[in-house]
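Shown here: protein-v4.pdb, PDB, C-alpha atoms.
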ATOM      1  CA  MET A   1       0.000   0.000   0.000
ATOM      2  CA  LEU A   2       1.287   3.468  -0.965
ATOM      3  CA  THR A   3       1.507   5.986   1.866
ATOM      4  CA  LEU A   4       2.594   9.588   1.750
ATOM      5  CA  ASN A   5       4.231  11.408   4.601
ATOM      6  CA  SER A   6       3.143  14.962   5.479
ATOM      7  CA  LEU A   7       6.028  16.582   3.567
ATOM      8  CA  GLN A   8       5.085  14.713   0.389
ATOM      9  CA  MET A   9       1.415  15.647   0.900
ATOM     10  CA  ASN A  10       2.338  19.325   1.319
ATOM     11  CA  LYS A  11       4.430  19.261  -1.868
ATOM     12  CA  LEU A  12       1.607  17.560  -3.749
ATOM     13  CA  CYS A  13      -0.928  20.160  -2.527
ATOM     14  CA  VAL A  14       1.355  23.067  -3.447
ATOM     15  CA  PHE A  15       1.987  21.561  -6.892
ATOM     16  CA  GLY A  16      -1.763  21.095  -7.437
ATOM     17  CA  PHE A  17      -2.478  24.652  -6.312
ATOM     18  CA  VAL A  18       0.179  26.073  -8.662
ATOM     19  CA  ILE A  19      -1.192  24.107 -11.637
ATOM     20  CA  PHE A  20      -4.772  25.167 -10.825
ATOM     21  CA  THR A  21      -3.744  28.835 -10.513
ATOM     22  CA  LEU A  22      -1.842  28.758 -13.811
ATOM     23  CA  LEU A  23      -4.818  27.200 -15.596
ATOM     24  CA  LEU A  24      -7.179  29.750 -14.083
ATOM     25  CA  LEU A  25      -4.936  32.658 -15.096
ATOM     26  CA  THR A  26      -4.603  31.278 -18.624
ATOM     27  CA  VAL A  27      -8.381  30.982 -19.027
ATOM     28  CA  LYS A  28      -8.979  34.428 -17.499
ATOM     29  CA  SER A  29      -6.291  36.047 -19.664
ATOM     30  CA  SER A  30      -7.651  34.357 -22.770
ATOM     31  CA  SER A  31     -11.252  35.450 -22.136
ATOM     32  CA  ALA A  32     -10.161  38.986 -21.209
ATOM     33  CA  GLN A  33      -8.171  39.197 -24.440
ATOM     34  CA  ASN A  34     -11.172  38.014 -26.451
ATOM     35  CA  SER A  35     -13.469  40.595 -24.882
ATOM     36  CA  ARG A  36     -10.940  43.390 -25.484
ATOM     37  CA  ASP A  37     -10.848  42.630 -29.206
ATOM     38  CA  ASP A  38     -14.440  43.914 -29.673
ATOM     39  CA  LEU A  39     -13.914  47.160 -27.764
ATOM     40  CA  HIS A  40     -13.627  50.457 -29.615
ATOM     41  CA  ASP A  41     -11.774  53.536 -28.450
ATOM     42  CA  GLY A  42     -13.248  56.966 -29.196
ATOM     43  CA  PRO A  43     -14.350  58.548 -31.437
ATOM     44  CA  LEU A  44     -14.974  61.499 -29.083
ATOM     45  CA  ILE A  45     -13.148  60.581 -25.884
ATOM     46  CA  HIS A  46      -9.987  58.546 -26.316
ATOM     47  CA  ASN A  47      -8.495  56.219 -23.676
ATOM     48  CA  PHE A  48     -11.800  56.180 -21.756
ATOM     49  CA  GLY A  49     -15.322  54.931 -22.388
ATOM     50  CA  ARG A  50     -14.436  51.967 -24.555
ATOM     51  CA  HIS A  51     -17.511  50.354 -26.083
ATOM     52  CA  VAL A  52     -18.760  47.480 -28.211
ATOM     53  CA  ASP A  53     -20.262  48.087 -31.652
ATOM     54  CA  LEU A  54     -23.652  46.362 -31.930
ATOM     55  CA  PRO A  55     -25.102  47.243 -35.360
ATOM     56  CA  ASN A  56     -27.675  44.422 -35.152
ATOM     57  CA  ALA A  57     -29.246  45.524 -31.858
ATOM     58  CA  GLU A  58     -33.013  45.126 -32.018
ATOM     59  CA  LEU A  59     -33.681  48.559 -30.518
ATOM     60  CA  LYS A  60     -32.137  50.815 -33.121
ATOM     61  CA  THR A  61     -30.265  53.949 -32.092
ATOM     62  CA  ASN A  62     -32.153  57.040 -33.199
ATOM     63  CA  THR A  63     -29.406  59.056 -34.859
ATOM     64  CA  ASP A  64     -31.696  62.079 -35.383
ATOM     65  CA  MET A  65     -32.622  62.437 -31.721
ATOM     66  CA  VAL A  66     -31.032  65.013 -29.414
ATOM     67  CA  TYR A  67     -29.737  63.085 -26.402
ATOM     68  CA  LYS A  68     -30.037  65.393 -23.390
ATOM     69  CA  VAL A  69     -28.756  63.142 -20.638
ATOM     70  CA  ALA A  70     -27.520  63.879 -17.143
ATOM     71  CA  PHE A  71     -25.531  61.384 -15.117
ATOM     72  CA  GLU A  72     -26.052  61.619 -11.368
ATOM     73  CA  ILE A  73     -22.959  60.189  -9.687
ATOM     74  CA  LEU A  74     -23.161  59.712  -5.951
ATOM     75  CA  GLN A  75     -21.213  56.513  -5.225
ATOM     76  CA  ALA A  76     -17.821  56.646  -3.598
ATOM     77  CA  LEU A  77     -14.795  55.489  -5.528
ATOM     78  CA  ARG A  78     -14.314  51.747  -5.204
ATOM     79  CA  GLU A  79     -10.657  51.862  -6.154
ATOM     80  CA  PRO A  80      -8.864  55.143  -5.449
ATOM     81  CA  THR A  81      -6.212  54.320  -8.074
ATOM     82  CA  ARG A  82      -8.670  53.984 -10.989
ATOM     83  CA  PRO A  83     -10.970  56.544 -12.679
ATOM     84  CA  HIS A  84     -14.497  56.634 -11.275
ATOM     85  CA  MET A  85     -16.421  53.904 -13.091
ATOM     86  CA  ARG A  86     -19.508  56.108 -13.497
ATOM     87  CA  LEU A  87     -17.471  58.790 -15.249
ATOM     88  CA  GLU A  88     -16.314  56.002 -17.565
ATOM     89  CA  ALA A  89     -20.008  55.244 -18.223
ATOM     90  CA  ALA A  90     -20.584  58.852 -19.308
ATOM     91  CA  ALA A  91     -17.593  58.640 -21.668
ATOM     92  CA  ARG A  92     -18.922  55.325 -22.994
ATOM     93  CA  PHE A  93     -22.324  56.931 -23.632
ATOM     94  CA  MET A  94     -20.682  59.688 -25.678
ATOM     95  CA  ASN A  95     -18.433  57.315 -27.626
ATOM     96  CA  MET A  96     -20.939  54.571 -28.410
ATOM     97  CA  HIS A  97     -23.586  57.015 -29.621
ATOM     98  CA  ALA A  98     -21.119  58.961 -31.763
ATOM     99  CA  HIS A  99     -19.855  55.645 -33.155
ATOM    100  CA  ALA A 100     -23.473  54.668 -33.929
ATOM    101  CA  GLY A 101     -23.889  57.824 -36.021
ATOM    102  CA  VAL A 102     -25.414  60.348 -33.609
ATOM    103  CA  PRO A 103     -23.997  63.794 -34.516
ATOM    104  CA  THR A 104     -21.817  65.342 -31.816
ATOM    105  CA  GLU A 105     -24.119  68.353 -31.514
ATOM    106  CA  ASN A 106     -26.960  65.950 -30.614
ATOM    107  CA  LEU A 107     -25.055  64.614 -27.596
ATOM    108  CA  GLN A 108     -25.748  67.020 -24.743
ATOM    109  CA  LEU A 109     -24.484  65.531 -21.500
ATOM    110  CA  SER A 110     -24.194  66.855 -17.981
ATOM    111  CA  ILE A 111     -22.798  65.177 -14.892
ATOM    112  CA  VAL A 112     -23.877  65.949 -11.335
ATOM    113  CA  LEU A 113     -21.389  64.788  -8.695
ATOM    114  CA  HIS A 114     -22.435  64.580  -5.063
ATOM    115  CA  GLY A 115     -22.076  62.391  -1.990
ATOM    116  CA  GLY A 116     -19.239  59.917  -2.481
ATOM    117  CA  GLY A 117     -18.805  61.080  -6.082
ATOM    118  CA  THR A 118     -17.380  64.369  -4.773
ATOM    119  CA  ARG A 119     -13.880  62.915  -4.422
ATOM    120  CA  ALA A 120     -13.639  62.332  -8.172
ATOM    121  CA  ALA A 121     -13.702  66.134  -8.642
ATOM    122  CA  MET A 122     -10.637  66.838  -6.491
ATOM    123  CA  THR A 123      -7.378  68.338  -7.723
ATOM    124  CA  ASN A 124      -4.337  66.075  -7.755
ATOM    125  CA  GLU A 125      -2.934  67.810  -4.684
ATOM    126  CA  ALA A 126      -6.136  67.397  -2.650
ATOM    127  CA  TYR A 127      -6.575  63.803  -3.805
ATOM    128  CA  ARG A 128      -2.943  62.959  -3.006
ATOM    129  CA  LYS A 129      -3.422  64.162   0.587
ATOM    130  CA  ARG A 130      -6.204  61.644   1.046
ATOM    131  CA  TYR A 131      -5.104  58.686  -1.103
ATOM    132  CA  GLU A 132      -1.352  59.194  -1.692
ATOM    133  CA  VAL A 133      -1.844  59.080  -5.493
ATOM    134  CA  ASP A 134      -2.874  61.591  -8.154
ATOM    135  CA  ASN A 135      -6.582  61.742  -8.970
ATOM    136  CA  PRO A 136      -7.042  59.094 -11.691
ATOM    137  CA  SER A 137     -10.407  60.646 -12.660
ATOM    138  CA  LEU A 138      -8.892  64.033 -13.476
ATOM    139  CA  PRO A 139      -7.761  63.211 -17.061
ATOM    140  CA  LEU A 140     -11.223  61.756 -17.697
ATOM    141  CA  LEU A 141     -12.943  64.864 -16.290
ATOM    142  CA  HIS A 142     -10.850  67.019 -18.638
ATOM    143  CA  ALA A 143     -11.592  64.743 -21.613
ATOM    144  CA  LEU A 144     -15.327  64.856 -20.868
ATOM    145  CA  SER A 145     -15.238  68.637 -20.521
ATOM    146  CA  ASP A 146     -13.270  68.964 -23.777
ATOM    147  CA  ALA A 147     -15.988  66.873 -25.481
ATOM    148  CA  GLY A 148     -18.630  69.376 -24.343
ATOM    149  CA  VAL A 149     -19.894  67.641 -21.200
ATOM    150  CA  SER A 150     -20.882  69.985 -18.359
ATOM    151  CA  ILE A 151     -19.752  68.757 -14.937
ATOM    152  CA  TYR A 152     -21.377  70.088 -11.769
ATOM    153  CA  LEU A 153     -20.459  69.490  -8.144
ATOM    154  CA  CYS A 154     -22.899  69.745  -5.265
ATOM    155  CA  GLU A 155     -21.443  72.403  -2.962
ATOM    156  CA  GLN A 156     -23.278  70.865  -0.002
ATOM    157  CA  SER A 157     -21.428  67.584  -0.598
ATOM    158  CA  ARG A 158     -18.119  69.390  -1.106
ATOM    159  CA  VAL A 159     -18.419  71.068   2.293
ATOM    160  CA  LEU A 160     -19.654  67.909   4.041
ATOM    161  CA  ASN A 161     -16.754  65.944   2.495
ATOM    162  CA  GLY A 162     -14.301  68.457   3.946
ATOM    163  CA  ALA A 163     -12.997  69.726   0.600
ATOM    164  CA  GLY A 164     -12.083  73.370   0.119
ATOM    165  CA  VAL A 165     -13.125  75.374  -2.936
ATOM    166  CA  ASP A 166      -9.470  75.386  -4.035
ATOM    167  CA  GLU A 167      -9.389  71.570  -3.864
ATOM    168  CA  ILE A 168     -11.828  71.131  -6.758
ATOM    169  CA  ALA A 169     -10.474  70.607 -10.284
ATOM    170  CA  THR A 170     -11.000  73.249 -12.973
ATOM    171  CA  PRO A 171     -13.442  71.604 -15.379
ATOM    172  CA  VAL A 172     -15.917  71.157 -12.514
ATOM    173  CA  LYS A 173     -18.543  73.869 -11.955
ATOM    174  CA  SER A 174     -20.296  74.442  -8.643
ATOM    175  CA  ALA A 175     -24.012  74.024  -7.977
ATOM    176  CA  LEU A 176     -25.852  75.091  -4.832
ATOM    177  CA  SER A 177     -26.813  71.457  -4.351
ATOM    178  CA  ALA A 178     -27.257  68.271  -6.353
ATOM    179  CA  MET A 179     -31.003  68.647  -5.839
ATOM    180  CA  THR A 180     -30.903  72.118  -7.401
ATOM    181  CA  ALA A 181     -28.815  70.918 -10.342
ATOM    182  CA  ILE A 182     -31.104  67.933 -10.946
ATOM    183  CA  VAL A 183     -34.279  70.042 -10.899
ATOM    184  CA  ASN A 184     -32.740  72.712 -13.150
ATOM    185  CA  LEU A 185     -31.433  70.162 -15.661
ATOM    186  CA  GLN A 186     -34.761  68.305 -15.699
ATOM    187  CA  GLU A 187     -36.515  71.615 -16.391
ATOM    188  CA  GLU A 188     -34.136  72.039 -19.355
ATOM    189  CA  GLY A 189     -35.260  68.645 -20.698
ATOM    190  CA  TYR A 190     -32.430  66.403 -19.480
ATOM    191  CA  HIS A 191     -33.135  62.744 -18.736
ATOM    192  CA  PHE A 192     -31.397  61.509 -15.609
ATOM    193  CA  LEU A 193     -29.347  58.355 -15.266
ATOM    194  CA  THR A 194     -28.504  57.687 -11.632
ATOM    195  CA  TYR A 195     -25.343  55.777 -10.827
TER     196      TYR A 195
END

Just give me the structure as structure tokens.
Amino acid sequence: MLTLNSLQMNKLCVFGFVIFTLLLLTVKSSSAQNSRDDLHDGPLIHNFGRHVDLPNAELKTNTDMVYKVAFEILQALREPTRPHMRLEAAARFMNMHAHAGVPTENLQLSIVLHGGGTRAAMTNEAYRKRYEVDNPSLPLLHALSDAGVSIYLCEQSRVLNGAGVDEIATPVKSALSAMTAIVNLQEEGYHFLTY
């Protein structure tokens, strides 16, 4: 009868774990590579908001419509070293609709940051004090602003989050409150997407 001592068992377990991990990483890397092949960069905002082209979608994109959309972003950053995922969603909205043929002038987006979303609006210096890294959302905020997106910050949230006026990045405009911004934008015909 074959018996294994504890040292042999440990080596066998470690070997099995290493093989399993390598197989898992290979499968994950392979599937991630496949999914990246369908993603498009731009055409309006490069390096952010990558999207998939779906020309055969059953609900067709109305390329004549004016898309007045406001993104309400109130969640805190999940990973302080990555751009805010909801800002990425706004960039994706711009890119995928432009790619689908919606004229740039028909894409009218606004973003309202409040609550936990306030931190995404901080300058690099202010962000570095809190997280020891530059604000990874700042290049995305600038790219969104350059593409014509208006970005508003709830001043109530800024104060409650302990951020000074000088700690907010330049493309971001102040609003009395998120509630005020939401009501004003809705009155102007914007449709709200809450994230």

Would you pick out the contacts of region 82-84 of chain A at 7 Å or less, using all atoms listed in the file, so that residues sharing its chain but fewer than 4 positions from it are not included, and give the list as a ChimeraX atom specification? /A:77,88,120,136-137

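For region 61-63 of chain A, the list of residues within 10 Å, based on all atoms listed in the file and with local chain neighbours fewer than 3 positions off taken out, reads Pro55, Ala57, Glu58, Val66, Tyr67, His97, Ala98, Ala100, Gly101, Val102, Pro103 and Asn106 of chain A.
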
So what does the PyMOL selection byres ((chain A and resi 35-46) around 12) actually pick up in this one, as a ChimeraX atom specification? /A:28-34,47-54,87-105,107,139-149

Could those residues be written to a file, using C-alpha atoms, as a short mmCIF file (atom, residue, chain, number, x, y, z; two decimals), keeping the file's coordinate frame?
data_model
loop_
_atom_site.label_atom_id
_atom_site.label_comp_id
_atom_site.auth_asym_id
_atom_site.auth_seq_id
_atom_site.Cartn_x
_atom_site.Cartn_y
_atom_site.Cartn_z
CA LYS A 28 -8.98 34.43 -17.50
CA SER A 29 -6.29 36.05 -19.66
CA SER A 30 -7.65 34.36 -22.77
CA SER A 31 -11.25 35.45 -22.14
CA ALA A 32 -10.16 38.99 -21.21
CA GLN A 33 -8.17 39.20 -24.44
CA ASN A 34 -11.17 38.01 -26.45
CA ASN A 47 -8.49 56.22 -23.68
CA PHE A 48 -11.80 56.18 -21.76
CA GLY A 49 -15.32 54.93 -22.39
CA ARG A 50 -14.44 51.97 -24.56
CA HIS A 51 -17.51 50.35 -26.08
CA VAL A 52 -18.76 47.48 -28.21
CA ASP A 53 -20.26 48.09 -31.65
CA LEU A 54 -23.65 46.36 -31.93
CA LEU A 87 -17.47 58.79 -15.25
CA GLU A 88 -16.31 56.00 -17.57
CA ALA A 89 -20.01 55.24 -18.22
CA ALA A 90 -20.58 58.85 -19.31
CA ALA A 91 -17.59 58.64 -21.67
CA ARG A 92 -18.92 55.32 -22.99
CA PHE A 93 -22.32 56.93 -23.63
CA MET A 94 -20.68 59.69 -25.68
CA ASN A 95 -18.43 57.32 -27.63
CA MET A 96 -20.94 54.57 -28.41
CA HIS A 97 -23.59 57.02 -29.62
CA ALA A 98 -21.12 58.96 -31.76
CA HIS A 99 -19.86 55.64 -33.16
CA ALA A 100 -23.47 54.67 -33.93
CA GLY A 101 -23.89 57.82 -36.02
CA VAL A 102 -25.41 60.35 -33.61
CA PRO A 103 -24.00 63.79 -34.52
CA THR A 104 -21.82 65.34 -31.82
CA GLU A 105 -24.12 68.35 -31.51
CA LEU A 107 -25.06 64.61 -27.60
CA PRO A 139 -7.76 63.21 -17.06
CA LEU A 140 -11.22 61.76 -17.70
CA LEU A 141 -12.94 64.86 -16.29
CA HIS A 142 -10.85 67.02 -18.64
CA ALA A 143 -11.59 64.74 -21.61
CA LEU A 144 -15.33 64.86 -20.87
CA SER A 145 -15.24 68.64 -20.52
CA ASP A 146 -13.27 68.96 -23.78
CA ALA A 147 -15.99 66.87 -25.48
CA GLY A 148 -18.63 69.38 -24.34
CA VAL A 149 -19.89 67.64 -21.20
#

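For the file shown, the residue list from the PyMOL selection byres ((chain A and resi 168) around 7) reads Ala121, Met122, Thr123, Val165, Asp166, Glu167, Ala169 and Thr170 of chain A.
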
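Remark: for Ala76 (chain A), the closest of the candidate residues A:Ser110, A:Thr118, A:Asn184, A:Ser157 is A:Thr118 (distances computed over only C-alpha atoms).
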
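Interatomic distance, CA of Glu72 (chain A) against CA of Ala181 (chain A): 9.8 Å.
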
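Using only C-alpha atoms for every distance, the candidate list A:Tyr131, A:Cys154, A:Arg119, A:Leu113 yields A:Tyr131 as the residue closest to Thr81 (chain A).
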
Point-to-point distance in Å for CA of Ala163 (chain A) and CA of Leu185 (chain A): 24.6 Å

Distance query Leu109 (chain A) at most 6 Å, all atoms listed in the file, self and fewer than 3 positions along chain excluded, as JSON, numbers by chain: {"A": [68, 69, 70, 149]}

Given the file shown, enumerate the residues that the PyMOL selection byres ((chain A and resi 176) around 7) captures and present them as an MDAnalysis selection string. chainID A and resid 154:156 174:175 177 180

From the options A:Val112, A:Glu79, A:Gly162, A:Val183, which residue's atoms come nearest to Ala126 (chain A), counting only C-alpha atoms?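 The answer is A:Gly162, which sits nearest to Ala126 (chain A).
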
Coordinates-based distance that separates CA of Leu74 (chain A) from CA of His114 (chain A) (Å, one decimal): 5.0 Å

As lines of an AutoDock Vina configuration file, please report the centre and edge lengths, rounded to one decimal in Å, of the axis-aligned box that holds all listed atoms of region 169-173 of chain A with 3 Å of padding on each of the six sides.
center_x = -14.5
center_y = 72.2
center_z = -12.8
size_x = 14.1
size_y = 9.3
size_z = 11.1
